[in-house]
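These notes concern the structure reproduced below.
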Amino acid sequence: MARIEIDNLTKVYDSGDESIVAVEDLDLEVEDGEFLVLVGPSGCGKSTTLRCIAGLEDVTEGSLRFGERDVTALRGSERDVAMVFQNYALYPHMTVRENIGFGLKLSTKLTAAEISERVESVASMLGITDLLEDKPKELSGGQQQRVALGRAIVREPAVFLMDEPLSNLDAKLRAEMRTELQELQQDLDVTTVYVTHDQTEAMAMGDRVAVMNDGVLQQVGPPEGIYRQPVNEFVANFIGSPSINMLTAEIDGDSLTGPAGFSYRLSDTTSVKGHSRVRVGVRPEDITITDDGPNSATVSVVEPMGNENFCYMELGDHELTARIDPDLRPRAGETVRFTFDEEALYLFDADSGAALKTKSDAVAPGIETEVSS
Amino acid sequence: MSQETESTGNPIANPDPSVLDRLRFARQDVAAKLPPLRGQRIAYLLVSPFFVLFGLFLAFPVVYTLYLSFFEWQSVGQGNLFWIDFGPFHVTVPRIAELQFVGLSNYTRLLGDGLFWQSMFNTTYILLIQVPIMIGLALALAVALNASFVRFKGLFRTAIALPISANIVAYSTVFLLLFNEQFGFVNYLLSQVGVSPIAWLTSEFWARKTIIAAVTWRWIGYNMIILLAGLQNVPQQLYEAAEIDGAGRWEKFRYVTLPQLRPVLLFVVVLSTIGTFKLFAEPYVITGGGPTNATITIVQYIYRQAFVHWNLGYASALTVIFVALVSVISIAQIRIGGDD
């Protein structure tokens with residue numbers, strides 16, 4: 001177990017005359033026993049960061065420390081990390097037992113009997129005792145996933161690294177494994193860095209979430225904080241499903257004027273002082289459809305989810321999404337009026353995308369108690 | 001051929017119509033006797049060229065060799081085996097050979113034939129040294145060329161694989177010259193570093209090594225290319241998983257590369273074994289089988305029996321035994337090496 005400290009990590013890929021900056025000047029600390037999720041769109045540098053932590057890539061600049069140890073120059077095999085790969089990377093010619101025990105055989109001085117004992121205890125923890133003598137090709141995706149986890153757990157490493165470990169599973173299994181992984185991580189209390197492109201997974205699993213884009217770390221924090229107080233438009237856009245509604249508005253005194261007749265009167269204008277244009281963001285769940293709303297839009301599609309409806313509307317060229325009650329069913333083509341609270345409003349600088357104002361409404365009941373870490 | 005063609009008096013462009021008519025009638029006559037070509041029959045007809053050629057030049061000789069091994073060859077065949085009259089023309093099939101049935105005596109003769117056992121020993125000796133050395137070197141070269149830090153890979157790959165394209169007799173002749181004991185380049189080089197000349201072609205020990213060197217030079221690139229293709233198919237993630245598991249260079253090779261390469265290695269081993277068993281041209285050209293039959297190979301001995309001494313029956317028996325032996329060894333290799 002160890003705390004991970006990443007200082008000014010930069011990774012540049014040089015291919016002849018062209019060089020690509022995959023990760024730029026990244027500073028990040030992961031507390032001992034913490035579950036940190038690195039999230040971002042593909043190509044954002046999250047996997048590269050993970051591979052640098054693993055020692056599978058050399059870092060171009062910066063340093064890496066596990067606890068007191070500086071591991072920057074160490075090979076992956078010397079760093080005492082375990083990793084779960086996206087497609088598991090099980091050794092095809094070895095049985096499950098050999099796969100799980102391989103790391104112990106190479107990097108410890110345990111006897112065959114001791115290795116066998118530890119492999120069996122990990123296998124029973126993961127419920128794969130029956131599969132110990134099988135080869136990977138005889139296993140289902142979910143079972144292979146467990147073996148890959150077993151291979152990581154059995155080593156009792158200082159750091160757990162997971163590179164999109166759930167993305168090859170079907171939706172139902174993925175949700176199951178998500179919970180199981182979290183429980184496992186809590187039981188083992190090993191510092192974990194988990195990479196995913198799926199923001200739902202990030203929100204659900206992480207003690208803290210680190211959002212990356214274009215090789216640059218955008219924001220780190222607990223999921224709720226990132227959702228409610230994004231530092232910029234990118235984070236606001238990336239986190240949350242369905243995505244936040246964004247449009248550009250002109251500021252005239254205390255009123256925001258947007259496309260297709262959109263207007264909103266601010267009661268507090270301190271955040272927009274000195275700006276003539278801003279980007280306005282409203283989360284789908286904060287839009288209320290009501291007859292006396294100040295703005296109107298045309299409904300294009302309603303997706304009934306059972307417990308709620310997603311209502312897609314057109315405001316000029318913009319699409320707006322509202323999460324509404326299941327008993328509200330506006331028809332396609334209908335014009336509806338809507339409103340939202342000023343506390344729920346996000347405002348971003350029109351040029352830099354930096355946040356000017358974020359959600360300041362009271363936390364909805366039930367949400368706060370979930371974030372108990 | 002059109003009926004309307006008018007005669008212009010040119011006998012080549014417009015031959016005597018009566019000949020054409022006779023040909024046409026004959027053709028119709030044959031066509032009428034043959035069953036109509038429809039459905040599957042036309043399909044069989046269209047694929048028949050392969051089967052005819054295969055039967056004539058591969059299947060028949062194989063079966064005939066087995067047949068011949070129970071006979072003693074007397075002379076070239078006299079008279080015809082049969083002839084078929086097609087009307088306008090006929091086909092005669094001559095007797096292949098005059099044979100005398102000798103039962104199993106070719107096979108019993110083989111048991112007591114010292115030169116056969118000598119050639120068997122030579123071939124096995126060359127095989128046991130040449131195949132492991134060549135595959136080991138080919139694997140080492142393939143691994144080296146597959147390493148990420150090596151530059152000019154394409155150039156090295158081509159250079160090492162180039163000998164495959166060398167004509168066997170031509171390159172054997174080059175080796176003959178290189179290893180010439182008085183004027184050869186190899187002994188010249190050795191003399192420059194103070195080593196006294198080696199009897200590359202006239203010492204039993206060194207003659208075999210010369211053959212081994214030649215064969216290895218010719219085939220190493222071929223095997224390296226196959227192994228390199230195999231190496232490039234090993235998933236990179238397995239190496240990464242092994243790295244994380246604490247494997248060093250050697251452990252990655254031992255636990256990832258070798259098991260992943262196993263089917264390819266087996267292919268290379270079986271192919272090389274068969275290839276070296278069939279060794280003929282190199283000793284024929286370089287050493288002529290000498291000195292004192294120290295490098296005569298099985299195939300060379302078979303050749304000598306068949307086409308020097310004209311013991312075709314005995315040569316056939318040798319061939320049958322040789323094929324059986326190679327088959328047994330190949331099957332054993334596949335059985336042992338193919339288990340997953």
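Identifiers in this document derive from the order of the structure tokens: chains are assigned A, B, ..., residues are numbered from 1 separately in each chain, and ligands are numbered from 1 in order of occurrence.
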
*as a list in words, which residues of segment 72-127 of chain B does DSSP assign to alpha helix (DSSP H)?*
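Checking each residue of segment 72-127 of chain B, the alpha helix (DSSP H) ones are Ser105, Asn106, Tyr107, Thr108, Arg109, Leu110, Leu111, Gly114, Leu115, Phe116, Trp117, Gln118, Ser119, Met120, Phe121, Asn122, Thr123, Thr124, Tyr125, Ile126 and Leu127 of chain B.
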
Pull N, CA and C atoms from the residues just selected and write them as a PDB file, in the first residue's frame.
```pdb
ATOM      1  N   SER B 105      12.716 -59.514 -51.358  1.00  0.00           N
ATOM      2  CA  SER B 105      14.175 -59.637 -51.282  1.00  0.00           C
ATOM      3  C   SER B 105      14.897 -58.301 -51.379  1.00  0.00           C
ATOM      4  N   ASN B 106      14.262 -57.285 -52.051  1.00  0.00           N
ATOM      5  CA  ASN B 106      14.868 -55.948 -52.042  1.00  0.00           C
ATOM      6  C   ASN B 106      14.970 -55.417 -50.622  1.00  0.00           C
ATOM      7  N   TYR B 107      13.928 -55.712 -49.842  1.00  0.00           N
ATOM      8  CA  TYR B 107      13.895 -55.200 -48.470  1.00  0.00           C
ATOM      9  C   TYR B 107      14.879 -55.949 -47.578  1.00  0.00           C
ATOM     10  N   THR B 108      15.022 -57.270 -47.812  1.00  0.00           N
ATOM     11  CA  THR B 108      15.972 -58.010 -46.971  1.00  0.00           C
ATOM     12  C   THR B 108      17.404 -57.637 -47.343  1.00  0.00           C
ATOM     13  N   ARG B 109      17.592 -57.339 -48.631  1.00  0.00           N
ATOM     14  CA  ARG B 109      18.924 -56.935 -49.074  1.00  0.00           C
ATOM     15  C   ARG B 109      19.365 -55.650 -48.377  1.00  0.00           C
ATOM     16  N   LEU B 110      18.398 -54.768 -48.186  1.00  0.00           N
ATOM     17  CA  LEU B 110      18.632 -53.460 -47.583  1.00  0.00           C
ATOM     18  C   LEU B 110      19.161 -53.586 -46.149  1.00  0.00           C
ATOM     19  N   LEU B 111      18.658 -54.624 -45.459  1.00  0.00           N
ATOM     20  CA  LEU B 111      19.075 -54.796 -44.069  1.00  0.00           C
ATOM     21  C   LEU B 111      20.576 -55.050 -43.949  1.00  0.00           C
ATOM     22  N   GLY B 114      25.651 -52.338 -46.093  1.00  0.00           N
ATOM     23  CA  GLY B 114      26.457 -51.432 -45.268  1.00  0.00           C
ATOM     24  C   GLY B 114      26.393 -49.992 -45.724  1.00  0.00           C
ATOM     25  N   LEU B 115      26.386 -49.768 -47.032  1.00  0.00           N
ATOM     26  CA  LEU B 115      26.395 -48.407 -47.542  1.00  0.00           C
ATOM     27  C   LEU B 115      25.069 -47.700 -47.248  1.00  0.00           C
ATOM     28  N   PHE B 116      23.980 -48.493 -47.269  1.00  0.00           N
ATOM     29  CA  PHE B 116      22.691 -47.909 -46.895  1.00  0.00           C
ATOM     30  C   PHE B 116      22.752 -47.397 -45.460  1.00  0.00           C
ATOM     31  N   TRP B 117      23.253 -48.243 -44.567  1.00  0.00           N
ATOM     32  CA  TRP B 117      23.334 -47.823 -43.157  1.00  0.00           C
ATOM     33  C   TRP B 117      24.300 -46.658 -42.985  1.00  0.00           C
ATOM     34  N   GLN B 118      25.356 -46.672 -43.785  1.00  0.00           N
ATOM     35  CA  GLN B 118      26.302 -45.551 -43.745  1.00  0.00           C
ATOM     36  C   GLN B 118      25.594 -44.251 -44.145  1.00  0.00           C
ATOM     37  N   SER B 119      24.813 -44.302 -45.241  1.00  0.00           N
ATOM     38  CA  SER B 119      24.133 -43.090 -45.709  1.00  0.00           C
ATOM     39  C   SER B 119      23.091 -42.639 -44.685  1.00  0.00           C
ATOM     40  N   MET B 120      22.458 -43.641 -44.063  1.00  0.00           N
ATOM     41  CA  MET B 120      21.483 -43.365 -43.013  1.00  0.00           C
ATOM     42  C   MET B 120      22.163 -42.640 -41.844  1.00  0.00           C
ATOM     43  N   PHE B 121      23.313 -43.165 -41.451  1.00  0.00           N
ATOM     44  CA  PHE B 121      24.064 -42.560 -40.344  1.00  0.00           C
ATOM     45  C   PHE B 121      24.478 -41.133 -40.710  1.00  0.00           C
ATOM     46  N   ASN B 122      25.016 -40.957 -41.933  1.00  0.00           N
ATOM     47  CA  ASN B 122      25.460 -39.626 -42.363  1.00  0.00           C
ATOM     48  C   ASN B 122      24.321 -38.623 -42.302  1.00  0.00           C
ATOM     49  N   THR B 123      23.181 -39.034 -42.850  1.00  0.00           N
ATOM     50  CA  THR B 123      22.043 -38.122 -42.913  1.00  0.00           C
ATOM     51  C   THR B 123      21.587 -37.752 -41.502  1.00  0.00           C
ATOM     52  N   THR B 124      21.480 -38.767 -40.639  1.00  0.00           N
ATOM     53  CA  THR B 124      21.039 -38.505 -39.268  1.00  0.00           C
ATOM     54  C   THR B 124      22.033 -37.596 -38.549  1.00  0.00           C
ATOM     55  N   TYR B 125      23.312 -37.871 -38.756  1.00  0.00           N
ATOM     56  CA  TYR B 125      24.373 -37.071 -38.140  1.00  0.00           C
ATOM     57  C   TYR B 125      24.234 -35.604 -38.551  1.00  0.00           C
ATOM     58  N   ILE B 126      24.111 -35.384 -39.864  1.00  0.00           N
ATOM     59  CA  ILE B 126      23.975 -34.013 -40.374  1.00  0.00           C
ATOM     60  C   ILE B 126      22.709 -33.373 -39.827  1.00  0.00           C
ATOM     61  N   LEU B 127      21.628 -34.147 -39.827  1.00  0.00           N
ATOM     62  CA  LEU B 127      20.329 -33.654 -39.365  1.00  0.00           C
ATOM     63  C   LEU B 127      20.393 -33.218 -37.905  1.00  0.00           C
TER      64      LEU B 127
END
```

Contact residues around Trp310 of chain B with only C-alpha atoms at 12 Å, ignoring same-chain residues under 4 positions, as an mmCIF file with N, CA and C atoms, in the first residue's frame:
```cif
data_model
loop_
_atom_site.group_PDB
_atom_site.id
_atom_site.type_symbol
_atom_site.label_atom_id
_atom_site.label_comp_id
_atom_site.auth_asym_id
_atom_site.auth_seq_id
_atom_site.Cartn_x
_atom_site.Cartn_y
_atom_site.Cartn_z
ATOM 1 N N GLU B 72 12.553 -56.819 -59.708
ATOM 2 C CA GLU B 72 13.876 -56.431 -60.170
ATOM 3 C C GLU B 72 13.734 -55.955 -61.599
ATOM 4 N N TRP B 73 14.303 -54.843 -61.863
ATOM 5 C CA TRP B 73 14.194 -54.227 -63.186
ATOM 6 C C TRP B 73 15.136 -54.942 -64.147
ATOM 7 N N GLN B 74 14.573 -55.344 -65.305
ATOM 8 C CA GLN B 74 15.387 -56.057 -66.287
ATOM 9 C C GLN B 74 15.839 -55.132 -67.410
ATOM 10 N N SER B 75 14.845 -54.484 -68.032
ATOM 11 C CA SER B 75 15.164 -53.581 -69.131
ATOM 12 C C SER B 75 13.974 -52.673 -69.384
ATOM 13 N N VAL B 76 14.153 -51.741 -70.314
ATOM 14 C CA VAL B 76 13.047 -50.879 -70.725
ATOM 15 C C VAL B 76 11.987 -51.755 -71.377
ATOM 16 N N ILE B 302 20.119 -43.451 -52.919
ATOM 17 C CA ILE B 302 19.002 -43.910 -53.755
ATOM 18 C C ILE B 302 19.266 -43.544 -55.207
ATOM 19 N N TYR B 303 19.710 -42.307 -55.417
ATOM 20 C CA TYR B 303 20.028 -41.840 -56.761
ATOM 21 C C TYR B 303 21.092 -42.736 -57.398
ATOM 22 N N ARG B 304 22.110 -43.058 -56.608
ATOM 23 C CA ARG B 304 23.211 -43.870 -57.128
ATOM 24 C C ARG B 304 22.702 -45.259 -57.540
ATOM 25 N N GLN B 305 21.885 -45.849 -56.653
ATOM 26 C CA GLN B 305 21.335 -47.169 -56.962
ATOM 27 C C GLN B 305 20.460 -47.121 -58.218
ATOM 28 N N ALA B 306 19.628 -46.053 -58.327
ATOM 29 C CA ALA B 306 18.659 -45.989 -59.410
ATOM 30 C C ALA B 306 19.300 -45.630 -60.741
ATOM 31 N N TYR B 314 15.503 -52.026 -56.346
ATOM 32 C CA TYR B 314 16.129 -51.826 -55.039
ATOM 33 C C TYR B 314 16.024 -50.367 -54.605
ATOM 34 N N ALA B 315 16.246 -49.450 -55.557
ATOM 35 C CA ALA B 315 16.128 -48.023 -55.246
ATOM 36 C C ALA B 315 14.710 -47.693 -54.778
ATOM 37 N N SER B 316 13.717 -48.364 -55.390
ATOM 38 C CA SER B 316 12.331 -48.128 -54.980
ATOM 39 C C SER B 316 12.110 -48.604 -53.554
#
```

*Can you tell me, as JSON, numbers by chain, what residues are no more than 9 Å from Asn223 of chain B when counting only C-alpha atoms, ignoring any on the same chain fewer than 6 positions away?*
{"B": [134, 135, 138, 139, 142, 161, 268, 272]}

*Given the choices A:Asp207, A:Glu285, A:Glu164, A:Asp341, which gets closest to Thr321 of chain A if the distance is worked out from only C-alpha atoms?*
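Going through A:Asp207, A:Glu285, A:Glu164, A:Asp341 one by one, the smallest distance to Thr321 of chain A is for A:Glu285.
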
_Shortest interatomic distance to Leu184 of chain A - which of A:Val336, A:Ile324, A:Val282, A:Met205, counting only C-alpha atoms_ = A:Met205

*asked:* I need the contact residues of chain B against chain A, so if you could list those with any atom within 12 Å, counting only C-alpha atoms, and return them as a VMD selection string, that would help.
replied: chain B and resid 234 to 252 254 to 263 339 to 340

Atoms kept (N, CA and C atoms) for selection, written as a PDB file, in the first residue's frame:
```
ATOM      1  N   VAL B 234       2.653 -12.352 -31.684  1.00  0.00           N
ATOM      2  CA  VAL B 234       2.501 -12.475 -30.232  1.00  0.00           C
ATOM      3  C   VAL B 234       1.938 -11.160 -29.697  1.00  0.00           C
ATOM      4  N   PRO B 235       0.783 -11.210 -29.003  1.00  0.00           N
ATOM      5  CA  PRO B 235       0.181  -9.960 -28.533  1.00  0.00           C
ATOM      6  C   PRO B 235       1.108  -9.212 -27.578  1.00  0.00           C
ATOM      7  N   GLN B 236       1.276  -7.916 -27.834  1.00  0.00           N
ATOM      8  CA  GLN B 236       2.162  -7.082 -27.034  1.00  0.00           C
ATOM      9  C   GLN B 236       1.733  -7.058 -25.570  1.00  0.00           C
ATOM     10  N   GLN B 237       0.432  -7.154 -25.349  1.00  0.00           N
ATOM     11  CA  GLN B 237      -0.079  -7.061 -23.975  1.00  0.00           C
ATOM     12  C   GLN B 237       0.417  -8.184 -23.083  1.00  0.00           C
ATOM     13  N   LEU B 238       0.714  -9.353 -23.699  1.00  0.00           N
ATOM     14  CA  LEU B 238       1.223 -10.455 -22.889  1.00  0.00           C
ATOM     15  C   LEU B 238       2.588 -10.093 -22.315  1.00  0.00           C
ATOM     16  N   TYR B 239       3.402  -9.392 -23.119  1.00  0.00           N
ATOM     17  CA  TYR B 239       4.703  -8.959 -22.622  1.00  0.00           C
ATOM     18  C   TYR B 239       4.528  -7.931 -21.513  1.00  0.00           C
ATOM     19  N   GLU B 240       3.523  -7.072 -21.674  1.00  0.00           N
ATOM     20  CA  GLU B 240       3.281  -6.051 -20.657  1.00  0.00           C
ATOM     21  C   GLU B 240       2.795  -6.695 -19.368  1.00  0.00           C
ATOM     22  N   ALA B 241       1.888  -7.674 -19.510  1.00  0.00           N
ATOM     23  CA  ALA B 241       1.399  -8.380 -18.325  1.00  0.00           C
ATOM     24  C   ALA B 241       2.567  -9.067 -17.623  1.00  0.00           C
ATOM     25  N   ALA B 242       3.468  -9.659 -18.413  1.00  0.00           N
ATOM     26  CA  ALA B 242       4.618 -10.354 -17.840  1.00  0.00           C
ATOM     27  C   ALA B 242       5.563  -9.362 -17.165  1.00  0.00           C
ATOM     28  N   GLU B 243       5.731  -8.203 -17.795  1.00  0.00           N
ATOM     29  CA  GLU B 243       6.574  -7.155 -17.196  1.00  0.00           C
ATOM     30  C   GLU B 243       6.037  -6.779 -15.815  1.00  0.00           C
ATOM     31  N   ILE B 244       4.702  -6.549 -15.743  1.00  0.00           N
ATOM     32  CA  ILE B 244       4.070  -6.186 -14.479  1.00  0.00           C
ATOM     33  C   ILE B 244       4.203  -7.329 -13.464  1.00  0.00           C
ATOM     34  N   ASP B 245       4.145  -8.574 -13.964  1.00  0.00           N
ATOM     35  CA  ASP B 245       4.275  -9.731 -13.082  1.00  0.00           C
ATOM     36  C   ASP B 245       5.716  -9.925 -12.611  1.00  0.00           C
ATOM     37  N   GLY B 246       6.623  -9.103 -13.115  1.00  0.00           N
ATOM     38  CA  GLY B 246       7.998  -9.163 -12.622  1.00  0.00           C
ATOM     39  C   GLY B 246       8.943  -9.941 -13.510  1.00  0.00           C
ATOM     40  N   ALA B 247       8.555 -10.179 -14.767  1.00  0.00           N
ATOM     41  CA  ALA B 247       9.413 -10.965 -15.644  1.00  0.00           C
ATOM     42  C   ALA B 247      10.514 -10.110 -16.241  1.00  0.00           C
ATOM     43  N   GLY B 248      11.713 -10.686 -16.313  1.00  0.00           N
ATOM     44  CA  GLY B 248      12.813 -10.029 -17.014  1.00  0.00           C
ATOM     45  C   GLY B 248      12.817 -10.481 -18.462  1.00  0.00           C
ATOM     46  N   ARG B 249      13.885 -10.111 -19.172  1.00  0.00           N
ATOM     47  CA  ARG B 249      13.997 -10.449 -20.582  1.00  0.00           C
ATOM     48  C   ARG B 249      13.885 -11.966 -20.832  1.00  0.00           C
ATOM     49  N   TRP B 250      14.682 -12.722 -20.071  1.00  0.00           N
ATOM     50  CA  TRP B 250      14.710 -14.157 -20.277  1.00  0.00           C
ATOM     51  C   TRP B 250      13.363 -14.794 -19.925  1.00  0.00           C
ATOM     52  N   GLU B 251      12.752 -14.354 -18.809  1.00  0.00           N
ATOM     53  CA  GLU B 251      11.461 -14.940 -18.421  1.00  0.00           C
ATOM     54  C   GLU B 251      10.379 -14.635 -19.450  1.00  0.00           C
ATOM     55  N   LYS B 252      10.440 -13.429 -20.037  1.00  0.00           N
ATOM     56  CA  LYS B 252       9.451 -13.104 -21.072  1.00  0.00           C
ATOM     57  C   LYS B 252       9.624 -14.039 -22.260  1.00  0.00           C
ATOM     58  N   ARG B 254      10.997 -17.051 -22.181  1.00  0.00           N
ATOM     59  CA  ARG B 254      10.700 -18.416 -21.756  1.00  0.00           C
ATOM     60  C   ARG B 254       9.195 -18.642 -21.567  1.00  0.00           C
ATOM     61  N   TYR B 255       8.490 -17.663 -20.968  1.00  0.00           N
ATOM     62  CA  TYR B 255       7.095 -17.887 -20.599  1.00  0.00           C
ATOM     63  C   TYR B 255       6.092 -17.252 -21.555  1.00  0.00           C
ATOM     64  N   VAL B 256       6.538 -16.329 -22.383  1.00  0.00           N
ATOM     65  CA  VAL B 256       5.589 -15.724 -23.329  1.00  0.00           C
ATOM     66  C   VAL B 256       5.962 -16.086 -24.771  1.00  0.00           C
ATOM     67  N   THR B 257       7.186 -15.738 -25.172  1.00  0.00           N
ATOM     68  CA  THR B 257       7.566 -15.934 -26.576  1.00  0.00           C
ATOM     69  C   THR B 257       7.520 -17.408 -26.978  1.00  0.00           C
ATOM     70  N   LEU B 258       8.247 -18.253 -26.227  1.00  0.00           N
ATOM     71  CA  LEU B 258       8.337 -19.662 -26.631  1.00  0.00           C
ATOM     72  C   LEU B 258       6.974 -20.347 -26.695  1.00  0.00           C
ATOM     73  N   PRO B 259       6.139 -20.245 -25.660  1.00  0.00           N
ATOM     74  CA  PRO B 259       4.833 -20.902 -25.761  1.00  0.00           C
ATOM     75  C   PRO B 259       3.974 -20.341 -26.892  1.00  0.00           C
ATOM     76  N   GLN B 260       4.067 -19.039 -27.104  1.00  0.00           N
ATOM     77  CA  GLN B 260       3.269 -18.438 -28.169  1.00  0.00           C
ATOM     78  C   GLN B 260       3.780 -18.860 -29.547  1.00  0.00           C
ATOM     79  N   LEU B 261       5.071 -19.143 -29.614  1.00  0.00           N
ATOM     80  CA  LEU B 261       5.700 -19.455 -30.895  1.00  0.00           C
ATOM     81  C   LEU B 261       5.645 -20.951 -31.201  1.00  0.00           C
ATOM     82  N   ARG B 262       5.184 -21.723 -30.233  1.00  0.00           N
ATOM     83  CA  ARG B 262       5.241 -23.180 -30.344  1.00  0.00           C
ATOM     84  C   ARG B 262       4.705 -23.752 -31.652  1.00  0.00           C
ATOM     85  N   PRO B 263       3.510 -23.356 -32.113  1.00  0.00           N
ATOM     86  CA  PRO B 263       3.022 -23.930 -33.373  1.00  0.00           C
ATOM     87  C   PRO B 263       3.936 -23.590 -34.543  1.00  0.00           C
ATOM     88  N   ASP B 339       0.932 -30.920 -28.700  1.00  0.00           N
ATOM     89  CA  ASP B 339       0.026 -30.893 -27.548  1.00  0.00           C
ATOM     90  C   ASP B 339      -0.043 -29.506 -26.966  1.00  0.00           C
ATOM     91  N   ASP B 340      -1.249 -29.083 -26.666  1.00  0.00           N
ATOM     92  CA  ASP B 340      -1.374 -27.752 -26.087  1.00  0.00           C
ATOM     93  C   ASP B 340      -1.545 -27.866 -24.578  1.00  0.00           C
TER      94      ASP B 340
END
```

Each residue of segment 209-255 of chain B with at least one atom at most 10 Å from segment 176-195 of chain B should appear once, together with its nearest atom pair and the corresponding distance in Å (one decimal); atoms considered: only C-alpha atoms; ordering: chain, then increasing residue number; output as a Markdown table.
```
| residue | atom | partner | partner_atom | distance |
| --- | --- | --- | --- | --- |
| B:Thr210 | CA | B:Phe179 | CA | 7.6 |
| B:Ile211 | CA | B:Leu176 | CA | 9.8 |
| B:Ala214 | CA | B:Leu176 | CA | 9.5 |
```

For the residues selected in the previous step, produce a file with C-alpha atoms as an mmCIF file, in the first residue's frame.
```cif
data_model
loop_
_atom_site.group_PDB
_atom_site.id
_atom_site.type_symbol
_atom_site.label_atom_id
_atom_site.label_comp_id
_atom_site.auth_asym_id
_atom_site.auth_seq_id
_atom_site.Cartn_x
_atom_site.Cartn_y
_atom_site.Cartn_z
ATOM 1 C CA THR B 210 31.116 -28.126 -44.515
ATOM 2 C CA ILE B 211 27.832 -29.631 -45.697
ATOM 3 C CA ALA B 214 26.267 -24.822 -46.544
#
```

*Please indicate the distance in Å from atom CA of Val211 of chain A to atom CA of Val21 of chain A, rounded to one decimal place.*
17.2 Å

*Would you mind telling me which residue in A:Pro230, A:Gly274, A:Gly142, A:Gly150 lies nearest to Leu173 of chain A when using only C-alpha atoms?*
A:Gly142

*For Phe66 of chain A, please output as a PyMOL selection string all residues within 8 Å (counting only C-alpha atoms; exclusion window: fewer than 4 positions along the same chain).*
chain A and resi 2-5+70-71+158

*Separation of atom CA of Leu265 of chain B from atom CA of Lys209 of chain B in Å*: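 So the two atoms, atom CA of Lys209 of chain B and atom CA of Leu265 of chain B, lie 24.1 Å apart.
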
*Smallest atom-to-atom distance to Lys46 of chain A: which of A:His197, A:Lys172, A:Arg337, A:Arg178, using only C-alpha atoms?*
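Checking each of A:His197, A:Lys172, A:Arg337, A:Arg178 against Lys46 of chain A, counting only C-alpha atoms, the winner is A:His197.
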